[in-house]
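Chemist: Shown below is the structure under consideration.
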2 protein chains.
Amino acid sequence: VSDPVYRVDGDLVPASEATVPVDDRGFQYGDAAFETLRAYGGSLFEWPAHRHRLARTCDRLGMPDAVPDDAGDRVRATLAANEFDDAYLKLSVTRGVQPGTVTPAESVDPTVVVYAKPLPRGGVGSDPVWDGPARLRTVDTRRYPDDALPTDGKTHNYLNSVLARLELRGTDADEAVLCDADGAVASCATGNVFHVADGRLHTPAAGPALPGVTRDVVLELAAEAGVEATTGTYAPADLRAADEVFVTNSTWEVRPVASVDGDPAGTGPVTRALADRFDERVERRYAADQL
Amino acid sequence: VSDPVYRVDGDLVPASEATVPVDDRGFQYGDAAFETLRAYGGSLFEWPAHRHRLARTCDRLGMPDAVPDDAGDRVRATLAANEFDDAYLKLSVTRGVQPGTVTPAESVDPTVVVYAKPLPRGGVGSDPVWDGPARLRTVDTRRYPDDALPTDGKTHNYLNSVLARLELRGTDADEAVLCDADGAVASCATGNVFHVADGRLHTPAAGPALPGVTRDVVLELAAEAGVEATTGTYAPADLRAADEVFVTNSTWEVRPVASVDGDPAGTGPVTRALADRFDERVERRYAADQL
């Protein structure tokens with residue numbers, strides 16, 4: 001599908017013709033919240049968690065009512081218009097076009113965009129969407145503090161991740177690890193990082209780390225599997241010394257890591273068990289009779 | 001002029017019809033640099049300084065060649081198409097539409113947008129564009145550090161300023177003062193702040209503070225006027241205790257401040273002398289025979 005259908009407010013339009021006004025605050029200031037999510041078998045994965053985080057992000061941006069009540073239906077309608085069963089979806093809510101300059105008006109007429117791209121089937125026995133295990137590199141770009149920009153949600157102010165990825169040019173790495181101002185591991189450019197040490201699962205505490213929806217699912221699966229999990233404060237050296245390292249996001253699901261800062265990193269039984277349980281949870285979506 | 005003409009790449013279009021693709025990285029990630037500038041008498045004010053900063057910002061974003069060679073001509077053509085002599089102009093350069101997701105491709109086909117709005121005449125004897133002296137309030141939102149996002153230029157990641165302005169809701173203030181992570185004054189949401197104490201002019205050092213074009217002009221004018229100027233590190237209490245406080249940006253020029261955190265702030269001879277010299281410098285643009 002070279003030109004999928006997107007939805008911009010009420011209109012389903014070919015992606016190549018989908019536009020927003022240059023006066024939209026989403027373009028001018030990145031004044032917008034977004035979520036990326038997966039559909040498996042025509043069903044949205046973890047939609048309530050994504051919707052909850054999107055609403056919270058909009059609340060932090062001072063537009064608590066910006067997420068339309070029918071947001072889920074809009075995403076599903078976009079999926080249906082494309083005849084995609086398995087897809088990457090992105091839902092963006094901007095503060096819309098407003099008169100004036102930087103100060104936001106209280107009355108918000110949001111612009112709501114749904115992006116869609118086909119992806120392979122997920123679930124048990126599926127091929128992953130990534131080409132191979134991730135090669136991580138700790139970059140100089142630091143994750144911004146929560147008192148400068150919200151770290152508990154996703155906004156169109158995404159340059160921090162772009163700059164982190166830019167630092168990978170000329171290296172063998174394909175994902176960046178960002179530390180916070182104190183030098184503690186926060187998250188990857190586009191996902192969360194986990195490691196296994198002394199038989200326990202570790203991941204940076206939410207705050208510095210984005211509270212990823214896939215991260216939460218993995219922590220649930222770890223509890224189900226009887227794997228003890230800790231959220232804490234870690235240095236890049238902890239990742240390099242770990243027995244296993246993996247990264248998560250909505251499209252990658254559970255992605256093993258091959259190296260951290262050039263040091264080989266291992267995969268192993270914990271990563272495999274969590275990836276298998278993730279596939280099993282996804283597989284249930286194909287069996288579900290409701291969309 | 002309710003619907004001025006904007007320029008999007010090669011096209012002059014009514015503002016209400018000016019759009020960018022939703023796939024443009026400027027929209028998706030705020031992956032874009034911009035400048036706001038003034039035209040006086042059909043002539044761009046401090047264009048070389050704005051162009052220089054725009055190029056530096058694009059360089060920091062890893063797209064060093066993104067500013068088109070004819071950027072100045074595009075701005076002037078937009079001004080001419082509107083038949084504006086005196087205007088606010090904004091020039092945005094995005095990384096354009098690229099395949100893939102967050103990692104930027106090396107080859108960049110930028111999207112270049114010129115916005116224009118009419119403003120009153122500037123120069124000697126002119127009325128300011130602002131309604132009255134600014135009422136400043138120190139906000140909890142902190143200026144992001146330079147290792148998270150570039151602080152020496154302007155990008156479409158402008159939520160930090162939006163969030164600062166949001167904090168002014170319900171207060172009597174109309175401009176926010178942002179401190180850096182150490183609690184030192186960095187800048188205002190949309191400009192630089194100066195204060196006068198012990199007969200000297202003070203402003204936060206560039207780094208925490210945006211190196212504003214108007215800020216640089218004011219520092220030059222202070223030197224011409226024999227006013228000693230210091231760039232340093234200041235607390236909000238220094239602003240509250242100052243003899244005079246003013247703020248600067250391209251549209252405000254030199255704007256006096258009436259209060260800081262509710263405490264009355266003074267204007268006085270230094271602010272007036274610098275504002276007068278600023279008007280004189282602008283007035284020369286009306287006399288200039290070249291555009």
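Starting from 1 in every chain, residues are counted up; chains themselves are A, B, ... following the order of the structure tokens, and ligands are numbered from 1 as listed.
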Return the neighbours of chain B among the residues of chain A, cut-off 9 Å, counting only C-alpha atoms, as an NGL selection string.
Modeler: :A and (8 or 15-24 or 26-32 or 60-62 or 92 or 102-104 or 113 or 115 or 140-149 or 155-166 or 174 or 181 or 189-190)
Chemist: Residues within 7 Å of segment 200-208 of chain A, please, as a list in words. Count only C-alpha atoms; anything in the same chain fewer than 2 positions from it doesn't count.
Modeler: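 My list of contacting residues is Thr151, Asp152, Asp180, Val185, Ala186, Val193, Phe194, His195, Val196, Ala197, Asp198, Leu210, Pro211, Val227, Glu228, Ala229, Thr230, Thr231, Gly232, Thr233 and Tyr234 of chain A.
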Chemist: Could you save those same residues with N, CA, C and O atoms as a PDB file, in the first residue's frame?
Modeler:
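Output file result_23.pdb is given in full below:
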ATOM      1  N   THR A 151       7.119  14.464  30.304  1.00  0.00           N
ATOM      2  CA  THR A 151       7.795  13.199  30.007  1.00  0.00           C
ATOM      3  C   THR A 151       6.850  12.011  30.165  1.00  0.00           C
ATOM      4  O   THR A 151       7.253  10.880  29.880  1.00  0.00           O
ATOM      5  N   ASP A 152       5.628  12.266  30.594  1.00  0.00           N
ATOM      6  CA  ASP A 152       4.706  11.153  30.819  1.00  0.00           C
ATOM      7  C   ASP A 152       3.732  10.947  29.668  1.00  0.00           C
ATOM      8  O   ASP A 152       2.750  10.222  29.800  1.00  0.00           O
ATOM      9  N   ASP A 180      19.025  10.979  31.622  1.00  0.00           N
ATOM     10  CA  ASP A 180      18.477  12.237  32.127  1.00  0.00           C
ATOM     11  C   ASP A 180      19.632  13.164  32.546  1.00  0.00           C
ATOM     12  O   ASP A 180      20.809  12.839  32.357  1.00  0.00           O
ATOM     13  N   VAL A 185      19.925   6.334  33.073  1.00  0.00           N
ATOM     14  CA  VAL A 185      19.219   5.913  31.864  1.00  0.00           C
ATOM     15  C   VAL A 185      17.742   6.302  31.979  1.00  0.00           C
ATOM     16  O   VAL A 185      17.096   6.003  33.002  1.00  0.00           O
ATOM     17  N   ALA A 186      17.233   6.971  30.951  1.00  0.00           N
ATOM     18  CA  ALA A 186      15.809   7.345  30.948  1.00  0.00           C
ATOM     19  C   ALA A 186      15.036   6.419  30.011  1.00  0.00           C
ATOM     20  O   ALA A 186      14.206   5.635  30.451  1.00  0.00           O
ATOM     21  N   VAL A 193      13.622   0.708  27.710  1.00  0.00           N
ATOM     22  CA  VAL A 193      14.683  -0.294  27.780  1.00  0.00           C
ATOM     23  C   VAL A 193      14.551  -1.079  29.085  1.00  0.00           C
ATOM     24  O   VAL A 193      14.220  -0.514  30.138  1.00  0.00           O
ATOM     25  N   PHE A 194      14.767  -2.382  28.976  1.00  0.00           N
ATOM     26  CA  PHE A 194      14.758  -3.295  30.130  1.00  0.00           C
ATOM     27  C   PHE A 194      16.080  -4.031  30.160  1.00  0.00           C
ATOM     28  O   PHE A 194      16.693  -4.244  29.111  1.00  0.00           O
ATOM     29  N   HIS A 195      16.497  -4.459  31.350  1.00  0.00           N
ATOM     30  CA  HIS A 195      17.616  -5.383  31.409  1.00  0.00           C
ATOM     31  C   HIS A 195      17.383  -6.406  32.517  1.00  0.00           C
ATOM     32  O   HIS A 195      16.561  -6.199  33.421  1.00  0.00           O
ATOM     33  N   VAL A 196      18.087  -7.514  32.394  1.00  0.00           N
ATOM     34  CA  VAL A 196      17.978  -8.607  33.365  1.00  0.00           C
ATOM     35  C   VAL A 196      19.330  -8.743  34.048  1.00  0.00           C
ATOM     36  O   VAL A 196      20.370  -8.834  33.372  1.00  0.00           O
ATOM     37  N   ALA A 197      19.311  -8.683  35.360  1.00  0.00           N
ATOM     38  CA  ALA A 197      20.536  -8.872  36.143  1.00  0.00           C
ATOM     39  C   ALA A 197      20.160  -9.618  37.411  1.00  0.00           C
ATOM     40  O   ALA A 197      19.112  -9.321  38.012  1.00  0.00           O
ATOM     41  N   ASP A 198      20.990 -10.590  37.787  1.00  0.00           N
ATOM     42  CA  ASP A 198      20.726 -11.409  38.977  1.00  0.00           C
ATOM     43  C   ASP A 198      19.330 -12.030  38.935  1.00  0.00           C
ATOM     44  O   ASP A 198      18.647 -12.113  39.968  1.00  0.00           O
ATOM     45  N   LEU A 210       9.480   7.350  29.799  1.00  0.00           N
ATOM     46  CA  LEU A 210       8.089   7.403  29.351  1.00  0.00           C
ATOM     47  C   LEU A 210       7.352   6.203  29.932  1.00  0.00           C
ATOM     48  O   LEU A 210       7.863   5.081  29.871  1.00  0.00           O
ATOM     49  N   PRO A 211       6.155   6.401  30.502  1.00  0.00           N
ATOM     50  CA  PRO A 211       5.364   5.247  30.948  1.00  0.00           C
ATOM     51  C   PRO A 211       4.732   4.567  29.732  1.00  0.00           C
ATOM     52  O   PRO A 211       3.570   4.783  29.409  1.00  0.00           O
ATOM     53  N   VAL A 227       8.433 -13.531  37.188  1.00  0.00           N
ATOM     54  CA  VAL A 227       9.732 -12.853  37.103  1.00  0.00           C
ATOM     55  C   VAL A 227       9.670 -11.613  37.982  1.00  0.00           C
ATOM     56  O   VAL A 227       8.794 -10.764  37.788  1.00  0.00           O
ATOM     57  N   GLU A 228      10.576 -11.520  38.930  1.00  0.00           N
ATOM     58  CA  GLU A 228      10.575 -10.336  39.789  1.00  0.00           C
ATOM     59  C   GLU A 228      11.053  -9.124  38.996  1.00  0.00           C
ATOM     60  O   GLU A 228      12.075  -9.197  38.308  1.00  0.00           O
ATOM     61  N   ALA A 229      10.334  -8.025  39.118  1.00  0.00           N
ATOM     62  CA  ALA A 229      10.671  -6.821  38.350  1.00  0.00           C
ATOM     63  C   ALA A 229      10.874  -5.639  39.284  1.00  0.00           C
ATOM     64  O   ALA A 229      10.167  -5.491  40.281  1.00  0.00           O
ATOM     65  N   THR A 230      11.847  -4.814  38.956  1.00  0.00           N
ATOM     66  CA  THR A 230      12.168  -3.632  39.738  1.00  0.00           C
ATOM     67  C   THR A 230      12.205  -2.431  38.802  1.00  0.00           C
ATOM     68  O   THR A 230      12.780  -2.523  37.716  1.00  0.00           O
ATOM     69  N   THR A 231      11.594  -1.334  39.211  1.00  0.00           N
ATOM     70  CA  THR A 231      11.801  -0.086  38.483  1.00  0.00           C
ATOM     71  C   THR A 231      12.714   0.764  39.353  1.00  0.00           C
ATOM     72  O   THR A 231      12.491   0.911  40.549  1.00  0.00           O
ATOM     73  N   GLY A 232      13.785   1.280  38.742  1.00  0.00           N
ATOM     74  CA  GLY A 232      14.771   1.988  39.549  1.00  0.00           C
ATOM     75  C   GLY A 232      15.581   2.968  38.737  1.00  0.00           C
ATOM     76  O   GLY A 232      15.129   3.471  37.709  1.00  0.00           O
ATOM     77  N   THR A 233      16.776   3.242  39.239  1.00  0.00           N
ATOM     78  CA  THR A 233      17.695   4.186  38.614  1.00  0.00           C
ATOM     79  C   THR A 233      18.929   3.412  38.178  1.00  0.00           C
ATOM     80  O   THR A 233      19.548   2.732  38.996  1.00  0.00           O
ATOM     81  N   TYR A 234      19.265   3.527  36.899  1.00  0.00           N
ATOM     82  CA  TYR A 234      20.352   2.716  36.337  1.00  0.00           C
ATOM     83  C   TYR A 234      21.303   3.583  35.520  1.00  0.00           C
ATOM     84  O   TYR A 234      20.904   4.602  34.951  1.00  0.00           O
TER      85      TYR A 234
END
Chemist: Residues at most 8 Å from Ser250 of chain A, counting only C-alpha atoms, excluding those fewer than 2 positions away in the same chain, as a PyMOL selection string?
Modeler: chain A and resi 36-38+213-214+248+252-253
Chemist: Hey, can you spit out that residue selection with all heavy atoms as a short mmCIF file (atom, residue, chain, number, x, y, z; two decimals), in the first residue's frame?
Modeler:
data_model
loop_
_atom_site.label_atom_id
_atom_site.label_comp_id
_atom_site.auth_asym_id
_atom_site.auth_seq_id
_atom_site.Cartn_x
_atom_site.Cartn_y
_atom_site.Cartn_z
N THR A 36 1.03 6.24 19.28
CA THR A 36 1.15 5.25 18.21
C THR A 36 0.65 3.94 18.79
O THR A 36 0.91 3.62 19.95
CB THR A 36 2.60 5.08 17.73
OG1 THR A 36 3.43 4.76 18.84
CG2 THR A 36 3.11 6.36 17.09
N LEU A 37 -0.06 3.20 17.99
CA LEU A 37 -0.60 1.93 18.49
C LEU A 37 -0.69 0.91 17.38
O LEU A 37 -0.44 1.23 16.22
CB LEU A 37 -1.95 2.13 19.19
CG LEU A 37 -3.15 2.64 18.42
CD1 LEU A 37 -4.42 2.14 19.12
CD2 LEU A 37 -3.18 4.18 18.44
N ARG A 38 -0.99 -0.32 17.76
CA ARG A 38 -1.06 -1.42 16.83
C ARG A 38 -2.47 -1.94 16.73
O ARG A 38 -3.22 -1.93 17.72
CB ARG A 38 -0.15 -2.56 17.30
CG ARG A 38 1.24 -2.43 16.73
CD ARG A 38 1.76 -3.71 16.06
NE ARG A 38 0.87 -4.31 15.08
CZ ARG A 38 1.25 -5.29 14.26
NH1 ARG A 38 2.49 -5.77 14.30
NH2 ARG A 38 0.40 -5.81 13.39
N VAL A 213 3.10 2.08 27.06
CA VAL A 213 2.00 1.12 27.15
C VAL A 213 2.56 -0.30 27.03
O VAL A 213 2.17 -1.20 27.79
CB VAL A 213 0.95 1.41 26.06
CG1 VAL A 213 -0.07 0.28 25.96
CG2 VAL A 213 0.26 2.74 26.34
N THR A 214 3.49 -0.52 26.11
CA THR A 214 4.10 -1.84 25.97
C THR A 214 4.93 -2.17 27.22
O THR A 214 4.95 -3.32 27.68
CB THR A 214 4.97 -1.90 24.71
OG1 THR A 214 4.19 -1.44 23.60
CG2 THR A 214 5.46 -3.31 24.43
N THR A 248 11.32 -2.03 24.12
CA THR A 248 9.89 -2.22 23.82
C THR A 248 9.28 -0.95 23.26
O THR A 248 9.65 0.16 23.65
CB THR A 248 9.09 -2.56 25.11
OG1 THR A 248 9.20 -1.48 26.05
CG2 THR A 248 9.58 -3.85 25.75
N TRP A 252 7.59 -2.49 17.92
CA TRP A 252 8.63 -3.50 18.15
C TRP A 252 8.15 -4.63 19.04
O TRP A 252 8.73 -5.71 19.03
CB TRP A 252 9.86 -2.86 18.80
CG TRP A 252 10.67 -1.99 17.91
CD1 TRP A 252 10.67 -1.95 16.55
CD2 TRP A 252 11.67 -1.03 18.34
NE1 TRP A 252 11.59 -1.03 16.09
CE2 TRP A 252 12.20 -0.45 17.17
CE3 TRP A 252 12.14 -0.60 19.58
CZ2 TRP A 252 13.20 0.53 17.21
CZ3 TRP A 252 13.12 0.37 19.63
CH2 TRP A 252 13.65 0.93 18.44
N GLU A 253 7.18 -4.36 19.89
CA GLU A 253 6.78 -5.30 20.94
C GLU A 253 8.01 -5.56 21.83
O GLU A 253 8.58 -4.61 22.35
CB GLU A 253 6.20 -6.58 20.33
CG GLU A 253 5.05 -6.28 19.36
CD GLU A 253 4.62 -7.48 18.54
OE1 GLU A 253 5.37 -8.48 18.46
OE2 GLU A 253 3.51 -7.43 17.96
#
Chemist: Nearest to Val112 of chain B among B:Arg277, B:Arg7, B:Arg135, B:Arg255, with distances taken over only C-alpha atoms: which residue is it?
Modeler: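 The shortest atom-to-atom distance to Val112 of chain B comes from B:Arg7.
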Chemist: Just to confirm, what's the straight-line distance from atom CA of Asn192 of chain A to atom CA of Val247 of chain A in Å (one decimal)?
Modeler: 5.5 Å
Chemist: Can you list every residue in segment 44-288 of chain A that DSSP puts in helix (DSSP H, G or I), as a ChimeraX atom specification?
Modeler: /A:47-60,71-82,159-166,213-224,236-240,269-287
Chemist: Can you list, as a PyMOL selection string, every protein, DNA or RNA residue that comes within 9 Å of Val257 of chain A when you count only C-alpha atoms, leaving out same-chain residues fewer than 4 positions away?
Modeler: chain A and resi 132-136+244-247+264-267
Chemist: Check segment 4-240 of chain A with DSSP on the backbone and list each residue it calls strand (DSSP E), as a ChimeraX atom specification.
Modeler: /A:5-8,11-14,19-21,32-40,43-44,87-94,111-118,134-142,175-179,185-188,192-197,200-204,229-232
Chemist: Calculate how many Å separate atom CA of Thr57 of chain B from atom CA of Lys154 of chain B, rounding to one decimal.
Modeler: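 Separation between atom CA of Thr57 of chain B and atom CA of Lys154 of chain B: 7.0 Å.
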Chemist: May I ask which of the residues B:Leu79, B:Val108, B:Ala287, B:Val13 is the closest one to Asp65 of chain B, counting only C-alpha atoms?
Modeler: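 That would be B:Val108, the residue with the smallest distance to Asp65 of chain B.
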Chemist: If we count only C-alpha atoms and set the cut-off at 12 Å, which residues sit around Tyr286 of chain A, ignoring sequence neighbours fewer than 3 positions away in its own chain? Please answer as a list in words.
Modeler: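 Once the adjacent positions are removed, what remains is Ala39, Tyr40, Gly41, Gly42, Ser43, Leu44, Phe45, Asp85, Asp86, Arg121, Gly122, Gly123, Val124, Asp279, Glu280, Arg281, Val282, Glu283, Asp289, Gln290 and Leu291 of chain A.
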Chemist: Just N, CA, C and O atoms for this one: save the residues we selected as an mmCIF file, in the first residue's frame.
Modeler:
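In the end it all went to out_23.cif:
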data_model
loop_
_atom_site.group_PDB
_atom_site.id
_atom_site.type_symbol
_atom_site.label_atom_id
_atom_site.label_comp_id
_atom_site.auth_asym_id
_atom_site.auth_seq_id
_atom_site.Cartn_x
_atom_site.Cartn_y
_atom_site.Cartn_z
ATOM 1 N N ALA A 39 -2.811 -2.379 15.529
ATOM 2 C CA ALA A 39 -4.013 -3.194 15.346
ATOM 3 C C ALA A 39 -3.566 -4.600 15.001
ATOM 4 O O ALA A 39 -2.625 -4.783 14.210
ATOM 5 N N TYR A 40 -4.200 -5.565 15.637
ATOM 6 C CA TYR A 40 -3.973 -6.984 15.339
ATOM 7 C C TYR A 40 -5.330 -7.589 14.981
ATOM 8 O O TYR A 40 -6.269 -7.515 15.797
ATOM 9 N N GLY A 41 -5.432 -8.142 13.796
ATOM 10 C CA GLY A 41 -6.695 -8.772 13.394
ATOM 11 C C GLY A 41 -7.866 -7.796 13.413
ATOM 12 O O GLY A 41 -8.987 -8.167 13.741
ATOM 13 N N GLY A 42 -7.592 -6.548 13.074
ATOM 14 C CA GLY A 42 -8.642 -5.542 13.027
ATOM 15 C C GLY A 42 -9.020 -4.972 14.378
ATOM 16 O O GLY A 42 -9.928 -4.138 14.481
ATOM 17 N N SER A 43 -8.302 -5.385 15.415
ATOM 18 C CA SER A 43 -8.633 -4.961 16.777
ATOM 19 C C SER A 43 -7.491 -4.103 17.335
ATOM 20 O O SER A 43 -6.314 -4.439 17.185
ATOM 21 N N LEU A 44 -7.838 -2.997 17.988
ATOM 22 C CA LEU A 44 -6.816 -2.101 18.550
ATOM 23 C C LEU A 44 -6.233 -2.703 19.826
ATOM 24 O O LEU A 44 -6.984 -3.092 20.720
ATOM 25 N N PHE A 45 -4.931 -2.740 19.907
ATOM 26 C CA PHE A 45 -4.259 -3.339 21.078
ATOM 27 C C PHE A 45 -4.098 -2.280 22.168
ATOM 28 O O PHE A 45 -3.558 -1.196 21.915
ATOM 29 N N ASP A 85 -6.033 -5.320 8.505
ATOM 30 C CA ASP A 85 -6.282 -6.052 9.747
ATOM 31 C C ASP A 85 -5.142 -5.805 10.728
ATOM 32 O O ASP A 85 -5.339 -5.730 11.932
ATOM 33 N N ASP A 86 -3.929 -5.700 10.155
ATOM 34 C CA ASP A 86 -2.730 -5.567 10.978
ATOM 35 C C ASP A 86 -2.042 -4.278 10.566
ATOM 36 O O ASP A 86 -1.674 -4.114 9.406
ATOM 37 N N ARG A 121 1.201 -9.581 10.265
ATOM 38 C CA ARG A 121 0.460 -10.186 11.375
ATOM 39 C C ARG A 121 1.367 -10.323 12.593
ATOM 40 O O ARG A 121 2.573 -10.576 12.470
ATOM 41 N N GLY A 122 0.803 -10.128 13.778
ATOM 42 C CA GLY A 122 1.538 -10.396 15.006
ATOM 43 C C GLY A 122 1.078 -11.708 15.605
ATOM 44 O O GLY A 122 0.478 -12.538 14.911
ATOM 45 N N GLY A 123 1.364 -11.889 16.880
ATOM 46 C CA GLY A 123 0.885 -13.076 17.579
ATOM 47 C C GLY A 123 1.846 -14.243 17.488
ATOM 48 O O GLY A 123 2.996 -14.097 17.065
ATOM 49 N N VAL A 124 1.343 -15.401 17.896
ATOM 50 C CA VAL A 124 2.181 -16.607 18.012
ATOM 51 C C VAL A 124 2.716 -17.032 16.638
ATOM 52 O O VAL A 124 1.953 -17.126 15.672
ATOM 53 N N ASP A 279 3.376 -12.514 22.582
ATOM 54 C CA ASP A 279 2.736 -13.081 21.388
ATOM 55 C C ASP A 279 1.411 -13.766 21.741
ATOM 56 O O ASP A 279 0.437 -13.671 20.991
ATOM 57 N N GLU A 280 1.396 -14.438 22.888
ATOM 58 C CA GLU A 280 0.160 -15.119 23.288
ATOM 59 C C GLU A 280 -0.939 -14.098 23.589
ATOM 60 O O GLU A 280 -2.096 -14.303 23.231
ATOM 61 N N ARG A 281 -0.553 -13.015 24.244
ATOM 62 C CA ARG A 281 -1.568 -12.004 24.523
ATOM 63 C C ARG A 281 -2.095 -11.392 23.229
ATOM 64 O O ARG A 281 -3.299 -11.166 23.076
ATOM 65 N N VAL A 282 -1.195 -11.134 22.291
ATOM 66 C CA VAL A 282 -1.616 -10.591 20.998
ATOM 67 C C VAL A 282 -2.517 -11.588 20.278
ATOM 68 O O VAL A 282 -3.528 -11.212 19.673
ATOM 69 N N GLU A 283 -2.151 -12.870 20.355
ATOM 70 C CA GLU A 283 -2.899 -13.902 19.627
ATOM 71 C C GLU A 283 -4.375 -13.894 20.021
ATOM 72 O O GLU A 283 -5.250 -14.144 19.184
ATOM 73 N N ASP A 289 -13.921 -11.672 19.349
ATOM 74 C CA ASP A 289 -15.008 -11.456 18.386
ATOM 75 C C ASP A 289 -15.403 -9.985 18.304
ATOM 76 O O ASP A 289 -16.108 -9.583 17.406
ATOM 77 N N GLN A 290 -14.945 -9.190 19.261
ATOM 78 C CA GLN A 290 -15.273 -7.766 19.182
ATOM 79 C C GLN A 290 -14.090 -6.991 18.602
ATOM 80 O O GLN A 290 -12.951 -7.422 18.700
ATOM 81 N N LEU A 291 -14.384 -5.898 17.973
ATOM 82 C CA LEU A 291 -13.307 -5.047 17.426
ATOM 83 C C LEU A 291 -12.770 -4.170 18.536
ATOM 84 O O LEU A 291 -13.487 -3.544 19.239
#
Chemist: Do you know which residues are at most 8 Å from Gly212 of chain A counting only C-alpha atoms, after dropping those on the same chain fewer than 4 positions away, and could you put them as a ChimeraX atom specification?
Modeler: /A:191-192,216,249
Chemist: Keeping only N, CA, C and O atoms, write those residues as an mmCIF file, in the first residue's frame.
Modeler:
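Result file part-v7.cif:
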data_model
loop_
_atom_site.group_PDB
_atom_site.id
_atom_site.type_symbol
_atom_site.label_atom_id
_atom_site.label_comp_id
_atom_site.auth_asym_id
_atom_site.auth_seq_id
_atom_site.Cartn_x
_atom_site.Cartn_y
_atom_site.Cartn_z
ATOM 1 N N GLY A 191 11.337 4.186 22.607
ATOM 2 C CA GLY A 191 10.807 3.075 23.385
ATOM 3 C C GLY A 191 11.441 3.004 24.751
ATOM 4 O O GLY A 191 12.230 3.869 25.139
ATOM 5 N N ASN A 192 11.102 1.955 25.468
ATOM 6 C CA ASN A 192 11.656 1.732 26.806
ATOM 7 C C ASN A 192 12.713 0.645 26.751
ATOM 8 O O ASN A 192 12.703 -0.204 25.874
ATOM 9 N N ASP A 216 4.217 -1.274 30.240
ATOM 10 C CA ASP A 216 3.275 -1.728 31.270
ATOM 11 C C ASP A 216 2.831 -3.160 31.015
ATOM 12 O O ASP A 216 2.706 -3.955 31.954
ATOM 13 N N ASN A 249 8.403 -1.114 22.305
ATOM 14 C CA ASN A 249 7.430 -0.078 21.953
ATOM 15 C C ASN A 249 6.279 -0.763 21.219
ATOM 16 O O ASN A 249 6.309 -1.996 21.039
#
